[in-house]
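Raw entry04.txt, compact mmCIF, C-alpha atoms and all ligand atoms:
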# COMPACT_ATOMS: atom_id res chain seq x y z
CA MET Y 246 61.08 -29.37 37.34
CA LYS Y 247 59.71 -32.11 39.45
CA LEU Y 248 58.50 -35.43 38.10
CA LEU Y 249 56.27 -37.61 40.17
CA ARG Y 250 55.88 -41.14 39.04
CA THR Y 251 53.69 -43.88 40.33
CA LEU Y 252 54.80 -47.32 39.32
CA GLY Y 253 52.41 -50.18 39.45
CA ALA Y 254 52.65 -53.82 38.58
CA ALA Y 255 54.25 -52.77 35.28
CA LEU Y 256 57.62 -52.84 37.07
CA LEU Y 257 57.65 -56.52 36.26
CA PHE Y 258 57.65 -55.84 32.52
CA ALA Y 259 60.16 -54.48 30.01
CA PRO Y 260 61.44 -50.89 30.48
CA ALA Y 261 59.37 -49.47 27.61
CA LEU Y 262 56.21 -50.85 29.14
CA VAL Y 263 57.19 -49.51 32.54
CA LEU Y 264 57.55 -46.08 30.99
CA ALA Y 265 54.22 -46.30 29.18
CA ALA Y 266 52.44 -47.35 32.35
CA GLN Y 267 53.73 -44.49 34.47
CA HIS Y 268 51.47 -41.79 35.78
CA ILE Y 269 53.54 -38.64 35.19
CA VAL Y 270 52.95 -35.19 36.63
CA ILE Y 271 55.02 -32.35 35.16
CA GLU Y 272 54.85 -29.32 37.44
CA ASN Y 273 56.99 -26.33 38.39
CA ALA Y 274 58.37 -26.58 34.88
CA GLY Y 275 57.58 -23.03 33.71
CA PHE Y 276 54.32 -23.85 31.93
CA ALA Y 277 52.00 -20.82 31.81
CA ALA Y 278 48.31 -21.50 31.17
CA PRO Y 279 48.95 -24.66 29.12
CA GLU Y 280 45.97 -25.13 26.80
CA SER Y 281 46.60 -27.96 24.32
CA ILE Y 282 48.99 -30.91 24.07
CA VAL Y 283 49.55 -33.17 21.06
CA HIS Y 284 51.84 -36.10 20.29
CA ASP Y 285 54.23 -35.45 17.40
CA GLU Y 286 54.61 -39.11 16.42
CA ARG Y 287 57.24 -38.38 13.80
CA HIS Y 288 59.72 -37.04 16.38
CA ASP Y 289 58.12 -38.84 19.32
CA VAL Y 290 57.68 -35.73 21.47
CA TYR Y 291 54.73 -33.92 22.99
CA LEU Y 292 54.06 -30.31 22.00
CA LEU Y 293 52.26 -28.05 24.49
CA SER Y 294 50.73 -24.62 23.81
CA ASN Y 295 51.03 -22.03 26.59
CA VAL Y 296 48.66 -19.02 26.53
CA ASN Y 297 50.88 -17.24 29.09
CA GLY Y 298 48.64 -14.53 30.53
CA ARG Y 299 45.08 -13.69 29.53
CA ALA Y 300 43.40 -15.06 26.43
CA ILE Y 301 42.37 -11.52 25.48
CA ASP Y 302 45.86 -10.03 25.32
CA ASN Y 303 47.95 -9.73 22.17
CA ASP Y 304 51.02 -9.75 24.36
CA GLY Y 305 53.45 -11.65 22.12
CA ASN Y 306 54.52 -13.97 24.94
CA GLY Y 307 52.81 -17.25 24.01
CA PHE Y 308 55.01 -20.30 23.55
CA ILE Y 309 55.10 -23.98 22.61
CA SER Y 310 56.99 -26.45 24.83
CA ARG Y 311 58.66 -29.63 23.55
CA ILE Y 312 58.44 -32.53 26.00
CA ALA Y 313 59.90 -36.05 25.91
CA PRO Y 314 57.55 -38.99 26.55
CA ASP Y 315 59.27 -39.60 29.91
CA GLY Y 316 58.11 -36.13 31.03
CA THR Y 317 61.40 -34.31 30.55
CA VAL Y 318 60.88 -30.78 29.24
CA LEU Y 319 63.31 -30.72 26.33
CA VAL Y 320 62.76 -27.04 25.48
CA LEU Y 321 60.30 -24.91 27.48
CA LYS Y 322 59.99 -22.22 24.80
CA TRP Y 323 60.70 -24.29 21.71
CA ILE Y 324 58.56 -21.87 19.70
CA ASP Y 325 58.73 -18.53 21.51
CA GLY Y 326 56.48 -15.56 20.77
CA GLY Y 327 59.23 -13.40 22.25
CA ALA Y 328 61.81 -14.49 19.67
CA PRO Y 329 62.58 -12.39 16.58
CA GLY Y 330 60.38 -13.28 13.62
CA VAL Y 331 57.91 -15.32 15.69
CA THR Y 332 54.39 -14.22 16.62
CA LEU Y 333 52.43 -16.06 19.31
CA HIS Y 334 50.02 -14.32 21.66
CA ALA Y 335 47.66 -16.80 23.30
CA PRO Y 336 48.18 -20.13 21.50
CA LYS Y 337 45.35 -22.62 22.02
CA GLY Y 338 44.46 -25.58 19.78
CA LEU Y 339 47.22 -27.60 18.10
CA ALA Y 340 47.15 -30.01 15.17
CA ILE Y 341 49.78 -31.73 13.09
CA THR Y 342 49.51 -32.53 9.42
CA GLY Y 343 52.53 -33.72 7.43
CA ASP Y 344 55.57 -31.79 8.59
CA THR Y 345 53.60 -28.79 9.84
CA LEU Y 346 52.30 -27.76 13.25
CA TYR Y 347 49.08 -25.71 13.18
CA VAL Y 348 48.45 -23.34 16.11
CA ALA Y 349 45.23 -21.39 16.79
CA ASP Y 350 46.04 -17.88 18.02
CA ASN Y 351 44.73 -14.36 18.43
CA GLY Y 352 44.93 -12.20 15.33
CA ASP Y 353 43.67 -8.67 14.85
CA ALA Y 354 40.32 -6.93 14.50
CA ALA Y 355 39.67 -8.80 11.24
CA GLY Y 356 39.81 -12.20 12.90
CA ASN Y 357 41.94 -14.89 14.54
CA VAL Y 358 44.86 -16.61 12.86
CA ILE Y 359 46.23 -20.13 12.40
CA ARG Y 360 50.01 -19.96 12.64
CA LEU Y 361 52.12 -22.64 10.97
CA PHE Y 362 55.49 -23.95 12.11
CA ASP Y 363 57.96 -26.53 10.84
CA LEU Y 364 57.47 -29.65 12.90
CA ALA Y 365 61.18 -30.53 12.86
CA THR Y 366 62.68 -27.12 13.60
CA GLY Y 367 59.88 -24.95 15.04
CA GLN Y 368 60.58 -22.28 12.43
CA PRO Y 369 57.59 -20.19 11.26
CA ARG Y 370 56.01 -21.43 8.02
CA GLY Y 371 53.40 -18.75 7.46
CA GLU Y 372 49.97 -17.97 8.83
CA ILE Y 373 46.37 -18.33 7.77
CA PRO Y 374 44.06 -15.51 8.85
CA ILE Y 375 40.42 -16.51 9.20
CA ALA Y 376 38.35 -13.43 8.48
CA GLY Y 377 35.45 -12.94 10.87
CA SER Y 378 36.61 -15.54 13.39
CA LEU Y 379 36.39 -14.50 17.04
CA PHE Y 380 37.80 -17.25 19.25
CA LEU Y 381 39.57 -20.06 17.42
CA ASN Y 382 39.88 -22.83 19.95
CA GLY Y 383 40.25 -26.54 19.09
CA LEU Y 384 41.96 -27.97 16.01
CA THR Y 385 41.99 -31.43 14.49
CA ALA Y 386 43.73 -32.78 11.41
CA LEU Y 387 41.98 -35.04 8.90
CA PRO Y 388 43.68 -37.82 6.89
CA SER Y 389 43.19 -35.66 3.77
CA GLY Y 390 45.65 -33.11 5.18
CA GLU Y 391 42.84 -30.68 5.93
CA VAL Y 392 42.54 -29.16 9.40
CA LEU Y 393 39.29 -28.24 11.14
CA ALA Y 394 39.16 -25.35 13.61
CA THR Y 395 36.36 -24.60 16.06
CA ASP Y 396 35.39 -20.98 16.68
CA SER Y 397 33.64 -20.72 20.05
CA GLY Y 398 32.20 -17.36 19.06
CA TRP Y 399 33.22 -15.54 22.24
CA ARG Y 400 33.89 -11.82 21.97
CA LEU Y 401 36.49 -10.85 24.57
CA SER Y 402 36.68 -7.40 26.10
CA ASN Y 403 38.15 -5.82 29.18
CA THR Y 404 35.49 -5.80 31.87
CA THR Y 405 36.13 -2.12 32.62
CA ASP Y 406 35.61 -1.30 28.92
CA GLU Y 407 32.41 -3.27 28.59
CA ARG Y 408 29.81 -1.09 26.92
CA GLU Y 409 27.48 -3.69 25.48
CA PRO Y 410 24.42 -4.78 27.42
CA THR Y 411 25.10 -8.01 29.26
CA ALA Y 412 24.07 -10.82 26.96
CA SER Y 413 22.76 -14.12 28.25
CA GLY Y 414 25.70 -16.42 28.84
CA THR Y 415 28.20 -13.62 29.38
CA ARG Y 416 31.10 -14.63 31.62
CA GLN Y 417 32.96 -12.20 33.82
CA GLN Y 418 36.37 -13.80 34.19
CA ALA Y 419 38.51 -13.48 37.29
CA ASP Y 420 41.28 -12.00 35.14
CA GLY Y 421 39.27 -8.83 34.45
CA SER Y 422 38.00 -9.80 31.01
CA THR Y 423 34.44 -10.35 29.86
CA TRP Y 424 33.51 -13.12 27.44
CA THR Y 425 30.30 -12.47 25.53
CA PRO Y 426 28.62 -15.07 23.30
CA THR Y 427 27.87 -13.68 19.84
CA GLY Y 428 26.11 -16.54 18.06
CA ARG Y 429 28.88 -16.42 15.47
CA ASP Y 430 29.88 -20.00 16.25
CA ALA Y 431 31.63 -21.81 13.43
CA ILE Y 432 33.87 -24.64 12.38
CA TYR Y 433 36.32 -23.73 9.64
CA ARG Y 434 38.08 -26.05 7.25
CA ILE Y 435 41.64 -25.23 6.19
CA GLY Y 436 42.51 -27.07 2.99
CA ALA Y 437 45.87 -28.71 2.31
CA ASP Y 438 46.28 -25.75 -0.08
CA ARG Y 439 45.69 -23.45 2.97
CA ARG Y 440 42.37 -22.17 1.62
CA VAL Y 441 39.73 -21.52 4.27
CA SER Y 442 36.08 -22.53 3.95
CA VAL Y 443 33.17 -22.90 6.36
CA PHE Y 444 32.55 -26.49 7.50
CA ALA Y 445 29.60 -25.56 9.74
CA ARG Y 446 28.22 -22.36 11.15
CA GLY Y 447 25.50 -21.18 13.53
CA LYS Y 448 24.29 -20.98 17.10
CA ASP Y 449 23.31 -24.64 17.15
CA LEU Y 450 27.02 -25.50 17.22
CA LEU Y 451 26.70 -24.48 20.90
CA GLN Y 452 29.99 -22.57 21.06
CA PRO Y 453 32.20 -25.48 20.00
CA ASN Y 454 35.48 -26.03 21.80
CA GLY Y 455 37.23 -29.44 21.66
CA ILE Y 456 37.04 -31.37 18.39
CA ALA Y 457 38.27 -34.88 17.59
CA LEU Y 458 38.03 -37.18 14.58
CA LEU Y 459 36.33 -40.49 15.40
CA PRO Y 460 37.07 -43.84 13.70
CA SER Y 461 33.61 -43.57 12.08
CA GLY Y 462 34.70 -40.42 10.25
CA ASN Y 463 32.39 -38.23 12.32
CA LEU Y 464 33.71 -35.33 14.37
CA LEU Y 465 33.18 -35.40 18.14
CA ILE Y 466 32.64 -31.89 19.49
CA ALA Y 467 32.35 -30.45 23.00
CA SER Y 468 30.23 -27.37 23.71
CA SER Y 469 31.91 -24.64 25.75
CA SER Y 470 28.58 -23.27 26.97
CA SER Y 471 26.05 -26.10 27.29
CA PRO Y 472 26.03 -29.59 28.88
CA THR Y 473 26.44 -31.20 25.49
CA LEU Y 474 28.73 -33.35 23.41
CA TYR Y 475 27.67 -34.04 19.85
CA GLU Y 476 28.94 -35.43 16.59
CA LEU Y 477 28.99 -33.88 13.14
CA THR Y 478 28.95 -36.06 10.07
CA PRO Y 479 31.60 -35.37 7.38
CA ASP Y 480 29.01 -33.19 5.60
CA GLY Y 481 28.35 -31.14 8.73
CA ARG Y 482 25.05 -32.63 10.01
CA ARG Y 483 24.58 -32.92 13.76
CA THR Y 484 24.04 -36.40 15.22
CA GLN Y 485 24.61 -38.41 18.41
CA VAL Y 486 23.88 -35.63 20.89
CA ARG Y 487 24.83 -36.54 24.47
CA GLN Y 488 23.89 -34.58 27.58
CA LEU Y 489 26.34 -34.52 30.49
CA PRO Y 490 25.87 -33.50 34.14
CA ASP Y 491 27.96 -30.34 33.75
CA ARG Y 492 28.36 -27.49 31.30
CA GLY Y 493 31.24 -25.67 29.68
CA PHE Y 494 33.39 -28.35 28.09
CA ASP Y 495 36.89 -28.02 26.69
CA GLY Y 496 38.94 -30.90 25.27
CA VAL Y 497 37.29 -34.10 24.05
CA GLY Y 498 38.42 -37.32 22.45
CA GLN Y 499 37.98 -41.06 22.17
CA ALA Y 500 40.59 -43.47 23.53
CA PRO Y 501 41.58 -46.58 21.55
CA ASP Y 502 39.26 -48.75 23.70
CA GLY Y 503 36.27 -46.57 22.81
CA THR Y 504 36.09 -44.61 26.07
CA VAL Y 505 35.26 -40.94 25.47
CA PHE Y 506 37.00 -38.36 27.66
CA ALA Y 507 35.61 -34.85 28.02
CA ALA Y 508 37.09 -32.03 30.11
CA GLY Y 509 34.51 -30.13 32.14
CA PRO Y 510 35.14 -26.82 33.89
CA GLU Y 511 36.38 -28.45 37.11
CA LYS Y 512 36.18 -32.17 36.35
CA LEU Y 513 37.37 -34.71 33.85
CA TYR Y 514 34.63 -37.05 32.62
CA ARG Y 515 34.84 -40.43 30.99
CA ILE Y 516 32.04 -42.12 29.13
CA ARG Y 517 32.44 -45.81 28.61
CA PRO Y 518 31.13 -47.35 25.37
CA ASP Y 519 28.01 -48.52 27.26
CA GLY Y 520 26.92 -44.98 28.09
CA GLN Y 521 26.97 -43.39 31.53
CA PRO Y 522 29.38 -40.52 32.22
CA GLU Y 523 31.44 -40.53 35.40
CA ALA Y 524 33.96 -38.10 36.85
CA VAL Y 525 37.54 -39.38 36.89
CA PRO Y 526 38.77 -39.19 40.51
CA GLY Y 527 41.56 -36.77 41.33
CA PHE Y 528 40.63 -33.78 39.16
CA ASP Y 529 39.29 -30.59 40.72
CA THR Y 530 40.75 -28.10 38.27
CA HIS Y 531 40.23 -27.19 34.66
CA VAL Y 532 41.64 -29.65 32.13
CA ALA Y 533 41.88 -27.97 28.75
CA ASP Y 534 42.49 -29.51 25.30
CA LEU Y 535 43.32 -33.16 26.02
CA HIS Y 536 44.77 -35.56 23.43
CA PHE Y 537 46.30 -39.04 23.29
CA ASP Y 538 49.62 -40.76 22.76
CA ARG Y 539 48.21 -43.67 20.77
CA LYS Y 540 51.56 -45.43 20.51
CA ARG Y 541 51.81 -45.79 24.31
CA ASN Y 542 48.06 -45.71 24.99
CA ARG Y 543 48.19 -42.61 27.19
CA LEU Y 544 45.95 -39.68 27.96
CA LEU Y 545 47.69 -36.28 27.78
CA LEU Y 546 46.12 -33.61 29.98
CA PRO Y 547 47.04 -29.90 30.13
CA LEU Y 548 45.88 -28.27 33.39
CA LEU Y 549 45.29 -24.70 32.31
CA ARG Y 550 44.97 -23.04 35.70
CA ALA Y 551 47.32 -25.33 37.65
CA HIS Y 552 50.09 -24.85 35.03
CA LYS Y 553 50.77 -28.58 34.96
CA VAL Y 554 50.65 -31.51 32.57
CA ILE Y 555 49.40 -34.92 33.65
CA ILE Y 556 50.07 -38.04 31.60
CA LYS Y 557 47.85 -41.01 32.48
CA PRO Y 558 48.28 -44.57 31.25
CA LEU Y 559 45.15 -46.10 29.72
CA PRO Y 560 42.88 -47.77 30.34
CA LEU Y 561 42.14 -46.09 33.64
CA PRO Y 562 41.40 -48.44 36.55
CA CA D 1 49.89 -14.51 26.17

Please lay out the structure from this file as structure tokens.
Ligand SMILES: [Ca+2]
Amino acid sequence: MKLLRTLGAALLFAPALVLAAQHIVIENAGFAAPESIVHDERHDVYLLSNVNGRAIDNDGNGFISRIAPDGTVLVLKWIDGGAPGVTLHAPKGLAITGDTLYVADNGDAAGNVIRLFDLATGQPRGEIPIAGSLFLNGLTALPSGEVLATDSGWRLSNTTDEREPTASGTRQQADGSTWTPTGRDAIYRIGADRRVSVFARGKDLLQPNGIALLPSGNLLIASSSSPTLYELTPDGRRTQVRQLPDRGFDGVGQAPDGTVFAAGPEKLYRIRPDGQPEAVPGFDTHVADLHFDRKRNRLLLPLLRAHKVIIKPLPLP
């Protein structure tokens, strides 16, 4: 593992502030298609989901890494799909509520699955199948203990097996899989009692990917197929639609100073509170499901195709 750190004027301050102000790159650490990273504030570690291979494959090799805030990988495969009694295929969105980690993963023909793990030990704590779901993607926890899960509505197939007519918006991936939009876009709500209900459903969700709770109580959502960010009110009505100069968004969220960050297919965008989007310099690869360390005021960025994690102090220059 190699850590690259850039120290700025923060060297003059206390050690904790120096640490918080470091730009950290974690590479050559064994990450494999890292998709989502969250801050477990209770244990003060970062948890990172690794798809490991293709999103389509139920290959049992997905894993969750546990990372210290200084960038040290504490345990690469802290939760390991290859371990006895653990199932993880292509883990994507992560959320934490109480002492439980929620992980969006592939399931079976009936639908995808949210897998639950003990936040302290990483031991499995059950799973929640979501019947009819196709591509569970982003997760976010609400103060009520509920968790919301986006379903981007993609149907994945092996390109060589593709028998359906090519639908508009179909993506032939370089890994030999075909992603076909189905219109079965949804956002599911998982209750604190683990019951599943539909929060929102329909094509006008624009194949939702990243989802984040805003201070207003609205949900900020990024479309994985159109040049759009939008908000949903707590009762599921669409509002505050923003158009961006790109399409196919992944992670999204709002920093403590109000700046919105949204991960495009090859660029990372920021939108200041006064409006205009701009690309953050230095990103030419796919950033997936970004989140924040709000204690240290940092942006946590998983680079899906570069197999890296970048931690950036906020605010950006
Ligand atoms: Ca995998």

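Between CA of Thr484 (chain Y) and CA of Pro547 (chain Y) the separation is 28.2 Å.
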
Discussion item. What residues of the protein or nucleic acid chains come within 7 Å of ligand CA 1 (chain D) when you use all atoms listed in the file? Reply as a count of residues only.
Written reply: 13

Show me, as a count of residues only, the residues that have an atom within 12 Å of Ala278 (chain Y) when counting only C-alpha atoms, minus same-chain residues fewer than 3 positions from it.
33

So that I can see what lies close to Gln521 (chain Y), please list as a PDB file with C-alpha atoms, in the coordinates of the input the residues with an atom at most 12 Å from it, counting all atoms listed in the file and leaving out residues fewer than 5 positions away in the same chain.
ATOM      1  CA  ARG Y 487      24.830 -36.540  24.470  1.00  0.00           C
ATOM      2  CA  GLN Y 488      23.890 -34.580  27.580  1.00  0.00           C
ATOM      3  CA  LEU Y 489      26.340 -34.520  30.490  1.00  0.00           C
ATOM      4  CA  PRO Y 490      25.870 -33.500  34.140  1.00  0.00           C
ATOM      5  CA  THR Y 504      36.090 -44.610  26.070  1.00  0.00           C
ATOM      6  CA  VAL Y 505      35.260 -40.940  25.470  1.00  0.00           C
ATOM      7  CA  PHE Y 506      37.000 -38.360  27.660  1.00  0.00           C
ATOM      8  CA  TYR Y 514      34.630 -37.050  32.620  1.00  0.00           C
ATOM      9  CA  ARG Y 515      34.840 -40.430  30.990  1.00  0.00           C
ATOM     10  CA  ILE Y 516      32.040 -42.120  29.130  1.00  0.00           C
TER      11      ILE Y 516
END

Closest atom pairs, residues of region 309-349 of chain Y within 12 Å of region 363-373 of chain Y, all atoms listed in the file, as a tab-separated table:
residue	atom	partner	partner_atom	distance
Y:Ile309	CA	Y:Gly367	CA	9.0
Y:Ser310	CA	Y:Gly367	CA	10.3
Y:Arg311	CA	Y:Gly367	CA	9.8
Y:Val320	CA	Y:Gly367	CA	11.0
Y:Lys322	CA	Y:Gly367	CA	10.1
Y:Trp323	CA	Y:Gly367	CA	6.8
Y:Ile324	CA	Y:Gly367	CA	5.7
Y:Asp325	CA	Y:Gly367	CA	9.2
Y:Gly326	CA	Y:Pro369	CA	10.6
Y:Ala328	CA	Y:Gln368	CA	10.7
Y:Pro329	CA	Y:Pro369	CA	10.7
Y:Gly330	CA	Y:Pro369	CA	7.8
Y:Val331	CA	Y:Pro369	CA	6.6
Y:Thr332	CA	Y:Pro369	CA	8.6
Y:Leu333	CA	Y:Pro369	CA	10.4
Y:Leu339	CA	Y:Leu364	CA	11.7
Y:Ala340	CA	Y:Leu364	CA	10.6
Y:Ile341	CA	Y:Leu364	CA	8.0
Y:Thr342	CA	Y:Leu364	CA	9.2
Y:Gly343	CA	Y:Leu364	CA	8.4
Y:Asp344	CA	Y:Leu364	CA	5.2
Y:Thr345	CA	Y:Leu364	CA	5.0
Y:Leu346	CA	Y:Leu364	CA	5.5
Y:Tyr347	CA	Y:Glu372	CA	8.9
Y:Val348	CA	Y:Glu372	CA	9.2
Y:Ala349	CA	Y:Ile373	CA	9.6

Keeping only C-alpha atoms, take the residues you just selected and write them out as a short mmCIF file (atom, residue, chain, number, x, y, z; two decimals), keeping the file's coordinate frame.
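As a result, selection_20.cif now contains:
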data_model
loop_
_atom_site.label_atom_id
_atom_site.label_comp_id
_atom_site.auth_asym_id
_atom_site.auth_seq_id
_atom_site.Cartn_x
_atom_site.Cartn_y
_atom_site.Cartn_z
CA ILE Y 309 55.10 -23.98 22.61
CA SER Y 310 56.99 -26.45 24.83
CA ARG Y 311 58.66 -29.63 23.55
CA VAL Y 320 62.76 -27.04 25.48
CA LYS Y 322 59.99 -22.22 24.80
CA TRP Y 323 60.70 -24.29 21.71
CA ILE Y 324 58.56 -21.87 19.70
CA ASP Y 325 58.73 -18.53 21.51
CA GLY Y 326 56.48 -15.56 20.77
CA ALA Y 328 61.81 -14.49 19.67
CA PRO Y 329 62.58 -12.39 16.58
CA GLY Y 330 60.38 -13.28 13.62
CA VAL Y 331 57.91 -15.32 15.69
CA THR Y 332 54.39 -14.22 16.62
CA LEU Y 333 52.43 -16.06 19.31
CA LEU Y 339 47.22 -27.60 18.10
CA ALA Y 340 47.15 -30.01 15.17
CA ILE Y 341 49.78 -31.73 13.09
CA THR Y 342 49.51 -32.53 9.42
CA GLY Y 343 52.53 -33.72 7.43
CA ASP Y 344 55.57 -31.79 8.59
CA THR Y 345 53.60 -28.79 9.84
CA LEU Y 346 52.30 -27.76 13.25
CA TYR Y 347 49.08 -25.71 13.18
CA VAL Y 348 48.45 -23.34 16.11
CA ALA Y 349 45.23 -21.39 16.79
#

Shell of 8 Å around Ala313 (chain Y), all atoms listed in the file, local chain residues under 3 positions omitted, as a list in words: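 Selected residues are Asp289, Val290, Tyr291, Gly316, Thr317, Val318 and Leu319 of chain Y.
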